[in-house]
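Participant: Below you will find the structure I want to go over with you.
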Amino acid sequence: MNTLPGHATGMKVLVVDDALDIQLYLGELLKKWSFDVVFANDGLEACERLETDNIQLVISDWVMPHLTGVELCRSIRNAPLPHYVYVILLTSRNADIDLVEGMEAGADDFLTKPFNADELHARIKAAQRVLHLERVLEERNRALTHANQQLQQSHDTIRLDLEAAAVMQRSMLPESEHAQGLNMQSLFCPAAVVAGDIFSYLKLDDNHLGFYHIDVAGHGVRSAMLSFTLGKILSATAEEGSPVKQTDPNRPGSEYITSPAAVVTELNRRFQDKDETTPYFTMIYGVVNTATGHVRICQAGHPNPFRVSRDGAIESLGNGGFPVGLLPNAHYDDIDFTLNPGDRLFCYSDGISECMNAENQPFSTGRLVSHLLHSCLRPLPETLVTLRTCLQDWRHGEPFEDDVSLIAIEFDTAHAA
């Protein structure tokens with residue numbers, strides 16, 4: 001027998017014909033070509049065979065009692081069989097309309113009676129090629145399905161890990177509170193599950209409160225990991241390597257509060273030796289004297305913060321500075337000012353000013369200033385709630401493309417401890 005490379009013999013073939021002589025003739029040929037042969041006398045018996053036997057090829061007469069060859073084709077195509085069944089119809093018909101009827105019923109090939117053995121063999125070889133390709137495709141589909149299932153499982157695991165990381169990240173963010181004469185509120189809308197923005201407040205001593213607002217370049221896991229690291233560094237003690245306080249060499253056991261510029265300079269020094277994939281970051285770090293309202297901040301590439309007075313005046317503070325982690329010899333300066341009772345300080349990420357709407361227009365610093373001025377007499381929490389609503393409306397409900405965050409500090413001596 002001449003077989004196709006890679007095509008196994010032993011394929012099970014169902015011969016369907018109500019004429020015994022045709023059955024015998026086809027059976028002898030097929031067994032000679034090393035096929036397993038089963039027989040059915042009509043279409044109904046063929047359907048029963050297909051349900052119980054692993055049949056891949058059907059050679060059927062067209063005209064039969066009970067169920068014709070065309071009706072058998074329709075039954076095969078409608079049956080939930082585990083694999084494709086190739087159908088060759090034997091017919092004495094050769095009119096185009098008959099061939100169309102057979103093709104529409106699901107026949108794959110036709111052989112006109114009377115036929116010779118070589119022609120039948122050629123048609124079966126064609127069937128083998130189709131069935132081989134079908135098996136290959138089925139195996140590839142199974143492999144693809146398995147790979148997709150594994151990918152989905154991995155995706156689900158990563159998603160759960162990210163959600164757990166987001167919970168941990170949010171746990172590091174401060175709750176809105178009144179402490180040491182300050183009303184401290186915040187706005188946080190991450191673009192992804194985890195964010196590159198982080199902020200917090202630090203009690204430095206009974207009369208000083210530190211605060212920071214950091215925006216790591218980019219967003220997602222890589223940025224979130226760096227923001228998490230920065231939060232840990234800045235919340236640590238001097239003994240643990242935090243730059244916000246230093247041990248006083250002249251007074252063993254005592255510490256002094258580091259100036260904001262010195263804190264940022266130290267962070268810039270530490271993050272010069274970072275891996276090439278580690279992003280840079282911008283930040284504001286500041287210290288508030290909670291007794292006097294005096295504030296000292298350092299700006300490192302972050303948007304200019306705003307001081308809003310109770311009478312509606314607004315002042316932009318700072319002149320930019322260099323992001324942390326870009327230039328090893330970057331110089332940072334302190335900026336001093338005072339918050340009077342009722343004055344507010346706002347530090348925000350560029351995710352607010354650069355928040356784009358559907359027309360690709362940024363929310364802009366001007367709109368932010370307008371919102372802060374128009375709400376200067378409203379309670380501070382209400383100011384931030386309405387700002388969130390404005391930004392969401394600006395995006396028409398679409399997710400934010402960059403992390404959106406803001407911290408607000410209101411000097412309010414009425415709440416001083």
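In the structure tokens, chains take letters A, B, ... by order of appearance, with residues numbered from 1 within each chain and ligands from 1 in the order shown.
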If you run DSSP on this backbone, which residues of region 87-285 of chain A come out as strand (DSSP E or B), and could you give them as a PyMOL selection string?
Facilitator: chain A and resi 87-91+109-112+177-179+182-189+197-205+208-216+245-247+255-257+281-285
Participant: How about saving the chosen residues, N, CA and C atoms kept, as a tab-separated table (two decimals), in the first residue's frame?
Facilitator:
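result_14.tsv written:
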```tsv
chain	number	residue	atom	x	y	z
A	87	VAL	N	-16.93	12.42	4.76
A	87	VAL	CA	-17.99	11.68	4.07
A	87	VAL	C	-17.77	11.73	2.56
A	88	ILE	N	-17.71	10.51	1.96
A	88	ILE	CA	-17.68	10.37	0.50
A	88	ILE	C	-18.99	9.73	0.07
A	89	LEU	N	-19.72	10.42	-0.81
A	89	LEU	CA	-20.99	9.89	-1.31
A	89	LEU	C	-20.77	9.17	-2.64
A	90	LEU	N	-21.34	7.96	-2.74
A	90	LEU	CA	-21.35	7.22	-4.00
A	90	LEU	C	-22.67	7.46	-4.70
A	91	THR	N	-22.61	7.88	-5.96
A	91	THR	CA	-23.85	8.22	-6.64
A	91	THR	C	-23.72	8.03	-8.15
A	109	ASP	N	-16.89	14.77	-0.45
A	109	ASP	CA	-16.43	14.35	-1.77
A	109	ASP	C	-17.48	13.44	-2.39
A	110	PHE	N	-17.38	13.22	-3.71
A	110	PHE	CA	-18.32	12.38	-4.45
A	110	PHE	C	-17.54	11.41	-5.33
A	111	LEU	N	-18.11	10.28	-5.51
A	111	LEU	CA	-17.55	9.30	-6.43
A	111	LEU	C	-18.69	8.74	-7.27
A	112	THR	N	-18.59	8.91	-8.58
A	112	THR	CA	-19.68	8.53	-9.47
A	112	THR	C	-19.58	7.05	-9.85
A	177	GLU	N	-7.00	63.40	59.05
A	177	GLU	CA	-7.06	63.59	60.49
A	177	GLU	C	-6.75	65.04	60.86
A	178	HIS	N	-7.08	65.33	62.13
A	178	HIS	CA	-6.65	66.57	62.76
A	178	HIS	C	-5.59	66.18	63.79
A	179	ALA	N	-4.42	66.81	63.70
A	179	ALA	CA	-3.36	66.50	64.65
A	179	ALA	C	-2.42	67.69	64.75
A	182	LEU	N	-3.22	70.80	62.90
A	182	LEU	CA	-3.30	70.73	61.45
A	182	LEU	C	-4.46	69.84	61.03
A	183	ASN	N	-5.17	70.30	60.00
A	183	ASN	CA	-6.20	69.49	59.36
A	183	ASN	C	-5.58	68.92	58.09
A	184	MET	N	-5.40	67.59	58.05
A	184	MET	CA	-4.68	66.94	56.94
A	184	MET	C	-5.64	66.04	56.17
A	185	GLN	N	-5.76	66.32	54.88
A	185	GLN	CA	-6.67	65.57	54.01
A	185	GLN	C	-5.91	65.13	52.75
A	186	SER	N	-6.45	64.13	52.07
A	186	SER	CA	-5.75	63.65	50.87
A	186	SER	C	-6.75	63.14	49.83
A	187	LEU	N	-6.27	63.10	48.59
A	187	LEU	CA	-7.02	62.56	47.45
A	187	LEU	C	-6.11	61.55	46.75
A	188	PHE	N	-6.64	60.35	46.48
A	188	PHE	CA	-5.81	59.31	45.87
A	188	PHE	C	-6.65	58.49	44.90
A	189	CYS	N	-6.29	58.54	43.60
A	189	CYS	CA	-6.97	57.78	42.56
A	189	CYS	C	-5.90	57.13	41.66
A	197	ASP	N	2.37	56.93	43.00
A	197	ASP	CA	2.26	58.09	43.89
A	197	ASP	C	2.18	57.59	45.33
A	198	ILE	N	2.84	58.31	46.23
A	198	ILE	CA	2.74	57.98	47.66
A	198	ILE	C	2.92	59.27	48.45
A	199	PHE	N	2.30	59.34	49.62
A	199	PHE	CA	2.38	60.52	50.47
A	199	PHE	C	2.14	60.11	51.91
A	200	SER	N	2.58	60.95	52.83
A	200	SER	CA	2.31	60.65	54.24
A	200	SER	C	2.70	61.85	55.09
A	201	TYR	N	2.37	61.74	56.39
A	201	TYR	CA	2.73	62.74	57.39
A	201	TYR	C	3.55	62.04	58.46
A	202	LEU	N	4.53	62.75	59.02
A	202	LEU	CA	5.43	62.16	60.01
A	202	LEU	C	5.49	63.06	61.23
A	203	LYS	N	5.17	62.52	62.40
A	203	LYS	CA	5.35	63.30	63.63
A	203	LYS	C	6.81	63.27	63.99
A	204	LEU	N	7.46	64.43	63.90
A	204	LEU	CA	8.90	64.50	64.16
A	204	LEU	C	9.19	64.79	65.62
A	205	ASP	N	8.41	65.66	66.24
A	205	ASP	CA	8.44	65.88	67.69
A	205	ASP	C	7.14	66.56	68.06
A	208	HIS	N	6.67	69.64	65.60
A	208	HIS	CA	7.02	69.59	64.18
A	208	HIS	C	6.42	68.35	63.53
A	209	LEU	N	5.85	68.59	62.36
A	209	LEU	CA	5.26	67.51	61.58
A	209	LEU	C	5.89	67.52	60.19
A	210	GLY	N	6.43	66.39	59.78
A	210	GLY	CA	6.96	66.27	58.43
A	210	GLY	C	5.89	65.73	57.48
A	211	PHE	N	6.03	66.02	56.21
A	211	PHE	CA	5.10	65.50	55.20
A	211	PHE	C	5.85	65.35	53.88
A	212	TYR	N	5.38	64.43	53.06
A	212	TYR	CA	5.98	64.28	51.74
A	212	TYR	C	4.91	63.86	50.74
A	213	HIS	N	5.15	64.22	49.50
A	213	HIS	CA	4.30	63.81	48.38
A	213	HIS	C	5.24	63.43	47.24
A	214	ILE	N	5.18	62.17	46.80
A	214	ILE	CA	6.13	61.63	45.82
A	214	ILE	C	5.37	61.08	44.61
A	215	ASP	N	5.91	61.34	43.45
A	215	ASP	CA	5.36	60.80	42.20
A	215	ASP	C	6.50	60.09	41.47
A	216	VAL	N	6.47	58.75	41.48
A	216	VAL	CA	7.48	57.97	40.77
A	216	VAL	C	7.11	57.95	39.29
A	245	LYS	N	15.61	62.44	60.22
A	245	LYS	CA	16.24	62.84	61.48
A	245	LYS	C	17.68	62.34	61.48
A	246	GLN	N	18.52	63.08	62.15
A	246	GLN	CA	19.92	62.71	62.26
A	246	GLN	C	20.33	62.63	63.73
A	247	THR	N	21.22	61.70	64.03
A	247	THR	CA	21.76	61.62	65.38
A	247	THR	C	22.71	62.79	65.61
A	255	GLU	N	18.55	63.47	68.83
A	255	GLU	CA	18.43	63.61	67.38
A	255	GLU	C	18.00	65.03	67.05
A	256	TYR	N	18.25	65.43	65.83
A	256	TYR	CA	17.75	66.71	65.35
A	256	TYR	C	17.02	66.50	64.02
A	257	ILE	N	16.08	67.39	63.72
A	257	ILE	CA	15.27	67.28	62.50
A	257	ILE	C	16.09	67.76	61.30
A	281	PHE	N	12.06	59.93	40.37
A	281	PHE	CA	10.82	60.39	40.98
A	281	PHE	C	10.92	61.87	41.32
A	282	THR	N	9.77	62.50	41.38
A	282	THR	CA	9.68	63.89	41.83
A	282	THR	C	9.03	63.89	43.21
A	283	MET	N	9.27	64.97	43.96
A	283	MET	CA	8.72	64.98	45.32
A	283	MET	C	8.69	66.38	45.91
A	284	ILE	N	7.88	66.52	46.92
A	284	ILE	CA	7.89	67.64	47.86
A	284	ILE	C	8.10	67.03	49.24
A	285	TYR	N	9.11	67.55	49.96
A	285	TYR	CA	9.24	67.17	51.37
A	285	TYR	C	9.23	68.45	52.18
```
Participant: What's around Glu315 (chain A) at 8 Å? Count only C-alpha atoms, leave out sequence neighbours fewer than 5 positions away in its own chain, and write the answer as a ChimeraX atom specification.
Facilitator: /A:306-308
Participant: If you keep C-alpha atoms, can you produce a file of those selected residues as a PDB file, in the first residue's frame?
Facilitator:
```
ATOM      1  CA  PHE A 306      -0.141  76.220  46.276  1.00  0.00           C
ATOM      2  CA  ARG A 307      -0.747  78.206  49.441  1.00  0.00           C
ATOM      3  CA  VAL A 308      -4.359  79.377  49.621  1.00  0.00           C
TER       4      VAL A 308
END
```
Participant: Please list as a list in words every residue within 12 Å of Ile55 (chain A), counting only C-alpha atoms and excluding residues in the same chain fewer than 5 positions away.
Facilitator: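 Using only C-alpha atoms, the neighbours found are Gly10, Met11, Lys12, Val13, Leu14, Val15, Phe35, Asp36, Val37, Val38, Phe39, Ala46, Cys47, Glu48, Arg49, Leu50, Ile76, Leu81, Pro82, His83, Tyr84, Val85, Tyr86, Val87 and Leu131 of chain A.
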Participant: Using DSSP secondary structure from the backbone, list all helix (DSSP H, G or I) positions within region 88-269 of chain A, as JSON, numbers by chain.
Facilitator: {"A": [96, 97, 98, 99, 100, 101, 102, 103, 104, 105, 117, 118, 119, 120, 121, 122, 123, 124, 125, 126, 127, 128, 129, 130, 131, 132, 133, 134, 135, 136, 137, 138, 139, 140, 141, 142, 143, 144, 145, 146, 147, 148, 149, 150, 151, 152, 153, 154, 155, 156, 157, 158, 159, 160, 161, 162, 163, 164, 165, 166, 167, 168, 169, 170, 171, 172, 221, 222, 223, 224, 225, 226, 227, 228, 229, 230, 231, 232, 233, 234, 235, 260, 261, 262, 263, 264, 265, 266, 267, 268, 269]}
Participant: Report as a list in words all protein, DNA and RNA residues lying within 12 Å of Gln392 (chain A), evaluated on only C-alpha atoms, omitting residues in the same chain fewer than 4 positions from it.
Facilitator: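 Final neighbour list, sorted by chain and number: Cys189, Ile352, Cys355, Met356, Asn357, Ala358, Phe363, Val385, Thr386, Leu387, Arg388, His396, Gly397, Glu398, Pro399, Phe400, Glu401 and Val404 of chain A.
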Participant: Set the distance at 9 Å and use only C-alpha atoms: which residues neighbour region 18-32 of chain A once local chain neighbours fewer than 5 positions away are removed? I'd like the list as a list in words.
Facilitator: Met1, Val13, Val37, Val38, Phe39, Ala40, Asn41, Asp42, Asp61, Val63, Met64, Pro65, Ala117 and His121 of chain A
Participant: For those residues, write C-alpha atoms to a file as a compact mmCIF listing (two decimals), in the first residue's frame.
Facilitator:
```txt
# COMPACT_ATOMS: atom_id res chain seq x y z
CA MET A 1 0.00 0.00 0.00
CA VAL A 13 -14.00 3.26 7.69
CA VAL A 37 -13.94 -1.70 7.97
CA VAL A 38 -17.42 -1.74 9.52
CA PHE A 39 -20.69 -1.98 7.58
CA ALA A 40 -24.20 -0.56 7.73
CA ASN A 41 -27.13 -1.46 5.50
CA ASP A 42 -28.77 1.97 5.60
CA ASP A 61 -24.46 5.23 -1.14
CA VAL A 63 -30.03 6.18 -2.49
CA MET A 64 -30.95 3.96 0.48
CA PRO A 65 -34.10 3.05 2.38
CA ALA A 117 -10.28 1.16 -7.39
CA HIS A 121 -7.89 5.11 -3.46
```
Participant: How many Å separate CA of Asp343 (chain A) from CA of Cys390 (chain A)?
Facilitator: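 For CA of Asp343 (chain A) relative to CA of Cys390 (chain A), the distance reads 22.7 Å.
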Participant: Please report the interatomic distance between CA of Ile59 (chain A) and CA of Ala79 (chain A) in Å with one decimal.
Facilitator: 17.4 Å
